[in-house]
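Notes to accompany the following structure.
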Amino acid sequence: MVHPVLEQVTTDVIDRSKKTRATYLARVDSAIDSEVYRAQLACGNLVHGFAACGPSDKADLSASVKANIGIISSYNDMLSAHQPYKDYPDIIKAAASKVGGIAQFAGGVPAMCDGVTQGQPGMELSLFSRDVIAMSSAIGLSHNMFDAAMFLGICDKIVPGLLISALSFGHLPSVFVPGGPMPSGLQNKEKVRIRQLYAEGKVGRDALLKAESESYHSAGTCTFYGTANSNQMMVEMMGLHTPGSSFINPGTPLRQALTENATEQVLKYTAMGDDFRPMGYMIDEKAILNAVIGLMATGGSTNHTMHLIAIARAAGIIINWDDFDKLTRIIPLLTRIYPNGEADINHFQAAGGMGVLIGELLAHGLLHEDIMTVAPTRGMNSYTQEPKLVDGKLIWEEGPGNSLDTSVIGTIKKPFSSSGGLHLIHGNLGRGMSKISAVAEEHQVVEAPAMVFDDQDDVVEAFKRGEMEKDLIVVLRFQGPKANGMPELHKLTPLLGSLQDKGFKVAIVTDGRMSGASGKVPSAIHMCPECEVGGPLTRVRTGDMIHLNTQTGRLNIQIDTDTFENRTQCIKGSIEHHYGMGRELFDSFRRGVSSAETGAINMFNNDEI
C-alpha cells in the first residue's frame with residue numbers, strides 16, 4: 001500500500017496537471033501510426049534518409065516491414081563519461097539486425113563537462129546547454145524515419161535535455177542506455193583534503209593535479225554521487241533503463257550485453273507490435289514522482305530540483321518545490337555515497353545498488369510500483385533484480401534482499417537521516433533549496449553576519465586576502481539564470497570548507513547553483529526571485545545578521561520588515577558576463593528563461609506546453 005502522503009502528493013499533481021497533461025497526450029495520440037513512420041515520407045524524402053546506407057539496409061528501409069531505431073548520442077572522446085559511447089552505434093545496429101530491426105545514427109548532441117568548466121566563463125553556458133541538447137536531439141529525430149529511439153547520455157544537463165526531447169517525441173518508445181562509472185580511484189575524502197590544502201596554499205599545483213588525475217583516471221562516469229550519477233539513478237527510478245544497468249562499468253561483457261538487450265526490448269514496444277509503450281505514456285505523474293523520491297532517498301543533486309520540473313513540464317505534468325518538500329518529510333536518507341559519505345558509486349553497486357534501494361522503498365509503500373517501464377513485466381518490481389552473464393547469456397536474478405554494506409545503503413527502520421537529502425528553504429530572503437545530506441548535524445544551523453559579493457572571483461580574492469577568517473554567511477548575488485546563465489559555484493567549496501574546518505560558522509546563500517558534488521558547507525541556493533529581477537538578496541548588506549536553519553528550512557535576515565523592504569535595491573550590470581567563450585550567442589536564453597523554481601525553462605512558457 002502506498003504511503004498516504006505519497007498518495008496525496010500524487011493526487012495533487014494529477015489534479016494540477018489535468019489540462020496540460022490532456023493537451024500533451026492528445027498531441028502524442030495524434031502522432032501515433034501503426035505502420036512504420038517513414039511510410040509517410042514521399043519517395044524523394046525517403047531516399048535522402050537512406051542514400052548513404054548499404055544495399056541491405058536500403059532494401060529494409062525501402063520496405064515498410066522492419067522497425068527503425070533512431071540513435072541519439074552524446075559521444076565525444078574528450079570527456080570520460082561519453083567516450084565509451086564510441087562503439088555503441090555499431091553494437092546497437094548489429095543487435096537490431098539480429099532480431100529483425102534496423103538502427104540508424106540519428107544525431108549527436110553537445111556534451112559539456114561542468115568538471116572542466118567549473119569557475120570558468122564556459123560554465124555560464126552549462127544550464128542552457130540542457131535546452132540546446134533537447135533541441136539538437138529533436139532535430140535528429142525530426143526526419144520521421146524512426147519507430148523507436150535510443151538515447152545515449154550520462155552527465156549533468158545531458159540526460160535532462162535528452163529526456164525533454166524524448167518526451168517531445170512521446171509517440172515513440174524510447175530507452176536510455178547508460179555507459180557506466182569508471183573503476184574506483186583515489187578516495188574522495190583524500191581528494192577533498194588535497195583540494196583544501198591547495199586552496200590554503202599549503203600544497204602546489206603539481207600535488208593537486210596528481211590527486212585529481214588519480215581520482216578521474218579512466219573512461220567512464222566520475223565515481224562521486226553528483227549530477228551525472230543522480231541522472232542514472234533517476235532514469236532507472238522512472239523505468240527507462242533496463243533493470244540494474246545504471247552502474248555497470250564500461251568495457252565489460254555485461255555492459256555490452258545490456259546495451260544489446262536494450263535494443264531488443266525497444267523494438268518490441270513499437271506501434272507495429274502488440275506491446276506498444278510510447279514514451280509519452282511511460283512517463284506519467286507517478287514516474288516523475290518516483291524520480292523525486294529517488295533524489296530524496298539518495299541525497300542526489302540539487303540540480304534536479306530544476307531539471308525534474310522542466311522534464312515534467314515537457315510531459316504536461318506540473319510539479320513544484322512544495323511537492324519536493326512534502327516528499328522529503330516522509331522519505332528517509334538511505335544511502336551514503338560521496339559527498340554524502342566516503343563510499344563511491346562502485347561501493348554502492350557492490351552493496352546491492354539500485355535493486356536493494358528500490359526494494360526497500362517498495363516494501364514500505366514509498367515508491368510507485370505500477371508504472372510502465374522498459375522491463376518485460378512493466379512494473380518497478382522488475383527493478384529489484386540484477387543482471388548477470390551466465391555462460392555468455394544475459395539473465396536477471398533476484399538481487400540481495402538486504403544491503404550488503406549498511407554503511408553505504410541503510411534501511412527505512414535504520415536510515416542515515418529521517419528525512420530526505422534535499423530541503424526547501426524559505427523566509428524573508430525568498431525561496432530556494434538546500435542539500436543537507438552531506439552536512440554534519442553541527443553545521444546545519446548557522447547564524448552569522450553576511451559578507452556580500454556579486455562575483456565568485458571576488459569571493460576567491462577576499463579569501464586569499466584573509467578577510468574571511470571569521471563566522472560569516474557568504475551572500476553571492478546575480479548568479480541566477482537571467483543574470484549570467486546560473487553557473488555552478490563549486491569552485492568555492494574548498495575555500496568555504498577550509499574555513500569550516502578551522503572552526504568558523506560558514507554558509508552560502510545565492511541565487512546561483514552549487515555542484516552536485518558540493519556538500520559539507522550548508523547552503524541556500526537557487527534563491528527566487530533571483531537578483532536580476534529584483535529579488536530580496538539585492539537588499540542585503542555586508543554585516544547584516546542572517547539565520548539559516550537547513551533542518552527546518554528557514555532563512556531570514558534579522559532586520560525588521562519595514563527597514564529591510566524600504567532599502568534601495570542593489571543593481572549590478574552583468575554585461576561583462578555576456579560576451580566571450582560563446583556567451584554572446586545565448587542572449588535570447590538569458591532574456592527568455594523562467595525562474596529556477598519553474599525549471600529554468602526556455603522552450604515553452606510556464607502556462608502552456
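Just remember, in the C-alpha cells the first chain shown is A, the second B, etc., residues are 1-based per chain, and ligands are 1-based in the order shown.
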
All residues 6 Å or closer to stretch 195-197 of chain A, only C-alpha atoms, same chain fewer than 3 positions away omitted, as an MDAnalysis selection string: chainID A and resid 192 200 202:203 494 498

Would you save the residues from that selection as a compact mmCIF listing (two decimals), in the first residue's frame, using C-alpha atoms?
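The file below, part-v6.txt, is the result:
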```txt
# COMPACT_ATOMS: atom_id res chain seq x y z
CA VAL A 192 38.94 16.82 -0.96
CA GLU A 200 45.09 27.26 1.66
CA LYS A 202 49.88 24.50 1.59
CA VAL A 203 50.49 22.29 -1.47
CA PRO A 494 37.25 24.11 -0.97
CA SER A 498 38.64 25.23 4.77
```

Which residues of stretch 287-402 of chain A come within 12 Å of stretch 409-415 of chain A, and what is each one's closest atom pair and distance in Å (one decimal), counting only C-alpha atoms, sorted by chain and residue number, as CSV?
```
residue,atom,partner,partner_atom,distance
A:Ala297,CA,A:Pro415,CA,9.4
A:Thr298,CA,A:Ile409,CA,9.1
A:Gly299,CA,A:Ile409,CA,11.9
A:Ile330,CA,A:Ile412,CA,10.2
A:Ile331,CA,A:Ile412,CA,8.5
A:Pro332,CA,A:Pro415,CA,6.1
A:Leu333,CA,A:Pro415,CA,5.8
A:Leu334,CA,A:Gly410,CA,4.8
A:Thr335,CA,A:Ile409,CA,4.6
A:Arg336,CA,A:Ile409,CA,6.5
A:Ile337,CA,A:Ile409,CA,8.8
A:Asn340,CA,A:Ile409,CA,11.6
A:Gly341,CA,A:Ile409,CA,10.7
A:Ala343,CA,A:Ile409,CA,10.1
A:Asp344,CA,A:Ile409,CA,11.7
A:Ile345,CA,A:Ile409,CA,11.2
A:His347,CA,A:Ile409,CA,9.7
A:Phe348,CA,A:Ile409,CA,7.1
A:Gln349,CA,A:Ile409,CA,9.7
A:Ala350,CA,A:Ile409,CA,10.2
A:Ala351,CA,A:Ile409,CA,6.9
A:Gly352,CA,A:Ile409,CA,7.9
A:Gly353,CA,A:Ile409,CA,8.0
A:Met354,CA,A:Ile409,CA,9.8
A:Gly355,CA,A:Ile409,CA,11.0
A:Val356,CA,A:Ile409,CA,8.0
A:Leu357,CA,A:Ile409,CA,7.3
A:Ile358,CA,A:Thr411,CA,11.0
A:Gly359,CA,A:Thr411,CA,10.2
A:Glu360,CA,A:Thr411,CA,6.8
A:Leu361,CA,A:Ile412,CA,7.7
A:Leu362,CA,A:Ile412,CA,10.7
A:Ala363,CA,A:Ile412,CA,9.4
A:His364,CA,A:Ile412,CA,7.7
A:Gly365,CA,A:Ile412,CA,10.8
A:Leu366,CA,A:Ile412,CA,9.8
A:Gly401,CA,A:Thr411,CA,11.2
A:Asn402,CA,A:Thr411,CA,8.4
```

What are the nearest atom pairs, with distances in Å to one decimal, for all residues of stretch 127-194 of chain A that come at most 8 Å from stretch 35-52 of chain A, using only C-alpha atoms, set out by chain and rising residue number as JSON lines?
```
{"residue": "A:His143", "atom": "CA", "partner": "A:Gly49", "partner_atom": "CA", "distance": 7.9}
{"residue": "A:Asn144", "atom": "CA", "partner": "A:Arg38", "partner_atom": "CA", "distance": 6.0}
{"residue": "A:Met145", "atom": "CA", "partner": "A:Arg38", "partner_atom": "CA", "distance": 4.6}
{"residue": "A:Phe146", "atom": "CA", "partner": "A:Tyr37", "partner_atom": "CA", "distance": 6.2}
{"residue": "A:Asp147", "atom": "CA", "partner": "A:Val36", "partner_atom": "CA", "distance": 6.2}
```

Shell of 8 Å around A:Ser434, only C-alpha atoms, local chain residues under 3 positions omitted, as a ChimeraX atom specification: /A:302,422-425,522-525,550

Option closest in space to A:Gly100, from A:Thr263, A:Ser73, A:Ser437, A:Gln187 [counting only C-alpha atoms]: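 Smallest separation from A:Gly100 among the options: A:Thr263.
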
Check which residues of stretch 376-446 of chain A sit at most 12 Å from stretch 234-254 of chain A using only C-alpha atoms, and return one row each with the closest pair of atoms and their distance in Å to one decimal, ordered by chain and rising number, as JSON lines.
```
{"residue": "A:Pro376", "atom": "CA", "partner": "A:Thr242", "partner_atom": "CA", "distance": 9.2}
{"residue": "A:Thr377", "atom": "CA", "partner": "A:Pro243", "partner_atom": "CA", "distance": 10.9}
{"residue": "A:Arg378", "atom": "CA", "partner": "A:Gly239", "partner_atom": "CA", "distance": 8.3}
{"residue": "A:Gly379", "atom": "CA", "partner": "A:Gly239", "partner_atom": "CA", "distance": 7.9}
{"residue": "A:Met380", "atom": "CA", "partner": "A:Gly239", "partner_atom": "CA", "distance": 6.9}
{"residue": "A:Asn381", "atom": "CA", "partner": "A:Pro243", "partner_atom": "CA", "distance": 9.6}
{"residue": "A:Ser382", "atom": "CA", "partner": "A:Pro243", "partner_atom": "CA", "distance": 6.6}
{"residue": "A:Tyr383", "atom": "CA", "partner": "A:Pro243", "partner_atom": "CA", "distance": 4.9}
{"residue": "A:Thr384", "atom": "CA", "partner": "A:Pro243", "partner_atom": "CA", "distance": 7.7}
{"residue": "A:Gln385", "atom": "CA", "partner": "A:Pro243", "partner_atom": "CA", "distance": 6.7}
{"residue": "A:Glu386", "atom": "CA", "partner": "A:Gly244", "partner_atom": "CA", "distance": 5.1}
{"residue": "A:Pro387", "atom": "CA", "partner": "A:Gly244", "partner_atom": "CA", "distance": 6.1}
{"residue": "A:Lys388", "atom": "CA", "partner": "A:Leu254", "partner_atom": "CA", "distance": 7.0}
{"residue": "A:Leu389", "atom": "CA", "partner": "A:Leu254", "partner_atom": "CA", "distance": 6.3}
{"residue": "A:Val390", "atom": "CA", "partner": "A:Leu254", "partner_atom": "CA", "distance": 10.0}
{"residue": "A:Asp391", "atom": "CA", "partner": "A:Pro253", "partner_atom": "CA", "distance": 11.5}
{"residue": "A:Gly392", "atom": "CA", "partner": "A:Pro253", "partner_atom": "CA", "distance": 8.6}
{"residue": "A:Lys393", "atom": "CA", "partner": "A:Leu254", "partner_atom": "CA", "distance": 9.5}
{"residue": "A:Leu394", "atom": "CA", "partner": "A:Leu254", "partner_atom": "CA", "distance": 7.7}
{"residue": "A:Ile395", "atom": "CA", "partner": "A:Leu254", "partner_atom": "CA", "distance": 10.2}
{"residue": "A:Trp396", "atom": "CA", "partner": "A:Pro243", "partner_atom": "CA", "distance": 8.4}
{"residue": "A:Glu397", "atom": "CA", "partner": "A:Gly244", "partner_atom": "CA", "distance": 10.3}
{"residue": "A:Glu398", "atom": "CA", "partner": "A:Gly244", "partner_atom": "CA", "distance": 10.6}
{"residue": "A:Gly399", "atom": "CA", "partner": "A:Gly244", "partner_atom": "CA", "distance": 9.3}
```

Please save C-alpha atoms of the selected residues as a PDB file, in the first residue's frame.
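Once everything was written out, this is result-v7.pdb:
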```pdb
ATOM      1  CA  PRO A 376       9.333  -7.042 -19.930  1.00  0.00           C
ATOM      2  CA  THR A 377       6.968  -7.220 -16.941  1.00  0.00           C
ATOM      3  CA  ARG A 378       6.416  -3.440 -16.989  1.00  0.00           C
ATOM      4  CA  GLY A 379       6.322  -2.517 -13.276  1.00  0.00           C
ATOM      5  CA  MET A 380       9.034  -1.494 -10.812  1.00  0.00           C
ATOM      6  CA  ASN A 381       9.145  -4.935  -9.160  1.00  0.00           C
ATOM      7  CA  SER A 382      11.449  -5.984 -12.003  1.00  0.00           C
ATOM      8  CA  TYR A 383      13.968  -3.438 -10.762  1.00  0.00           C
ATOM      9  CA  THR A 384      14.803  -5.383  -7.614  1.00  0.00           C
ATOM     10  CA  GLN A 385      16.516  -7.885  -9.924  1.00  0.00           C
ATOM     11  CA  GLU A 386      20.125  -7.695 -11.054  1.00  0.00           C
ATOM     12  CA  PRO A 387      21.600  -8.652 -14.437  1.00  0.00           C
ATOM     13  CA  LYS A 388      24.213 -11.381 -14.786  1.00  0.00           C
ATOM     14  CA  LEU A 389      26.018 -13.194 -17.574  1.00  0.00           C
ATOM     15  CA  VAL A 390      25.778 -16.983 -17.228  1.00  0.00           C
ATOM     16  CA  ASP A 391      27.600 -18.965 -19.914  1.00  0.00           C
ATOM     17  CA  GLY A 392      27.519 -15.875 -22.094  1.00  0.00           C
ATOM     18  CA  LYS A 393      23.755 -15.418 -21.740  1.00  0.00           C
ATOM     19  CA  LEU A 394      22.203 -12.374 -20.089  1.00  0.00           C
ATOM     20  CA  ILE A 395      19.754 -13.225 -17.317  1.00  0.00           C
ATOM     21  CA  TRP A 396      18.154 -11.417 -14.393  1.00  0.00           C
ATOM     22  CA  GLU A 397      18.112 -12.887 -10.907  1.00  0.00           C
ATOM     23  CA  GLU A 398      16.527 -11.533  -7.754  1.00  0.00           C
ATOM     24  CA  GLY A 399      19.138  -9.353  -6.102  1.00  0.00           C
TER      25      GLY A 399
END
```

Nearest candidate to A:Pro4 (options A:Val459, A:Ile139, A:Ala148, A:Leu327; using only C-alpha atoms):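 Using only C-alpha atoms, the shortest distance to A:Pro4 belongs to A:Leu327.
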
List as JSON lines every residue of stretch 97-182 of chain A that is in contact with stretch 77-87 of chain A, defined as an atom at most 10 Å from one of its atoms (using only C-alpha atoms), together with the nearest atom pair and the distance in Å rounded to one decimal, sorted by chain and then rising number.
```
{"residue": "A:Ala111", "atom": "CA", "partner": "A:His82", "partner_atom": "CA", "distance": 7.9}
{"residue": "A:Met112", "atom": "CA", "partner": "A:Leu79", "partner_atom": "CA", "distance": 8.1}
{"residue": "A:Cys113", "atom": "CA", "partner": "A:Leu79", "partner_atom": "CA", "distance": 7.1}
{"residue": "A:Gly115", "atom": "CA", "partner": "A:Leu79", "partner_atom": "CA", "distance": 9.7}
{"residue": "A:Val116", "atom": "CA", "partner": "A:Leu79", "partner_atom": "CA", "distance": 9.1}
{"residue": "A:Leu152", "atom": "CA", "partner": "A:Tyr85", "partner_atom": "CA", "distance": 7.1}
{"residue": "A:Gly153", "atom": "CA", "partner": "A:His82", "partner_atom": "CA", "distance": 7.2}
{"residue": "A:Ile154", "atom": "CA", "partner": "A:Ala81", "partner_atom": "CA", "distance": 6.6}
{"residue": "A:Cys155", "atom": "CA", "partner": "A:Ala81", "partner_atom": "CA", "distance": 7.3}
{"residue": "A:Val177", "atom": "CA", "partner": "A:Tyr85", "partner_atom": "CA", "distance": 9.4}
{"residue": "A:Pro178", "atom": "CA", "partner": "A:Tyr85", "partner_atom": "CA", "distance": 8.9}
{"residue": "A:Gly179", "atom": "CA", "partner": "A:Pro84", "partner_atom": "CA", "distance": 6.2}
{"residue": "A:Gly180", "atom": "CA", "partner": "A:Ala81", "partner_atom": "CA", "distance": 7.7}
{"residue": "A:Pro181", "atom": "CA", "partner": "A:Ala81", "partner_atom": "CA", "distance": 7.4}
{"residue": "A:Met182", "atom": "CA", "partner": "A:Ala81", "partner_atom": "CA", "distance": 8.0}
```

In stretch 107-170 of chain A, DSSP helix (DSSP H, G or I) residues written as JSON, numbers by chain: {"A": [114, 115, 116, 117, 121, 122, 123, 124, 125, 126, 127, 128, 129, 130, 131, 132, 133, 134, 135, 136, 137, 138, 139, 140, 141, 158, 159, 160, 161, 162, 163, 164, 165, 166, 167, 168]}

Residue among A:Gln232, A:Ser595, A:Ser515, A:Thr538 lying closest to A:Arg431, counting only C-alpha atoms: A:Ser595

Of the listed residues A:Leu6, A:Lys520, A:Leu367, A:Thr270, that which approaches A:Gly294 most closely, counting only C-alpha atoms: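 Among the listed residues, the smallest separation from A:Gly294 belongs to A:Leu367.
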
Strand (DSSP E or B) positions in stretch 462-532 of chain A, given as a PyMOL selection string: chain A and resi 472-476+488+506-510+513+523-528

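The gap separating atom CA of A:Lys93 from atom CA of A:Leu267 is 11.8 Å, in Å to one decimal.
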
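Compared by their closest atoms to A:Arg16, and using only C-alpha atoms, the residues A:Gln118, A:Gln551, A:Asn320, A:Ser34 rank with A:Asn320 nearest.
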
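A straight line drawn from atom CA of A:Arg130 to atom CA of A:Asp114 is 12.2 Å long.
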
Two-atom distance - atom CA of A:Ala314, atom CA of A:Gly535 (Å):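 Computing it gives 27.2 Å between the two atoms.
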
Closest of A:Tyr198, A:Phe589, A:Phe453, A:Phe504 to A:Cys570 - atom-to-atom distances counting only C-alpha atoms: A:Phe453

Distance query stretch 571-588 of chain A at most 7 Å, only C-alpha atoms, self and fewer than 2 positions along chain excluded, as a list of chain:residue names: A:Pro121, A:Gly122, A:Leu125, A:Ala483, A:Asn484, A:Gln569, A:Arg590, A:Arg591, A:Gly592

Write out the residues from the selection above, keeping N, CA and C atoms, as a short mmCIF file (atom, residue, chain, number, x, y, z; two decimals), in the first residue's frame.
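Full text of result.cif as output:
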```cif
data_model
loop_
_atom_site.label_atom_id
_atom_site.label_comp_id
_atom_site.auth_asym_id
_atom_site.auth_seq_id
_atom_site.Cartn_x
_atom_site.Cartn_y
_atom_site.Cartn_z
N PRO A 121 34.54 30.88 -17.66
CA PRO A 121 33.43 31.52 -18.38
C PRO A 121 32.50 30.52 -19.06
N GLY A 122 33.03 29.38 -19.54
CA GLY A 122 32.20 28.40 -20.21
C GLY A 122 31.10 27.83 -19.35
N LEU A 125 27.42 28.69 -19.86
CA LEU A 125 26.62 28.06 -20.90
C LEU A 125 26.01 26.75 -20.43
N ALA A 483 20.70 36.41 -15.05
CA ALA A 483 21.88 37.26 -14.88
C ALA A 483 23.05 36.78 -15.71
N ASN A 484 23.42 35.53 -15.54
CA ASN A 484 24.61 35.03 -16.23
C ASN A 484 24.53 33.54 -16.56
N GLN A 569 17.43 48.76 -3.60
CA GLN A 569 17.95 47.53 -4.17
C GLN A 569 19.25 47.80 -4.91
N ARG A 590 19.06 34.04 -21.92
CA ARG A 590 19.04 34.80 -20.66
C ARG A 590 17.76 35.63 -20.54
N ARG A 591 17.31 36.21 -21.65
CA ARG A 591 16.12 37.05 -21.61
C ARG A 591 14.84 36.23 -21.45
N GLY A 592 14.82 35.02 -22.01
CA GLY A 592 13.59 34.25 -22.04
C GLY A 592 13.45 33.18 -20.98
#
```
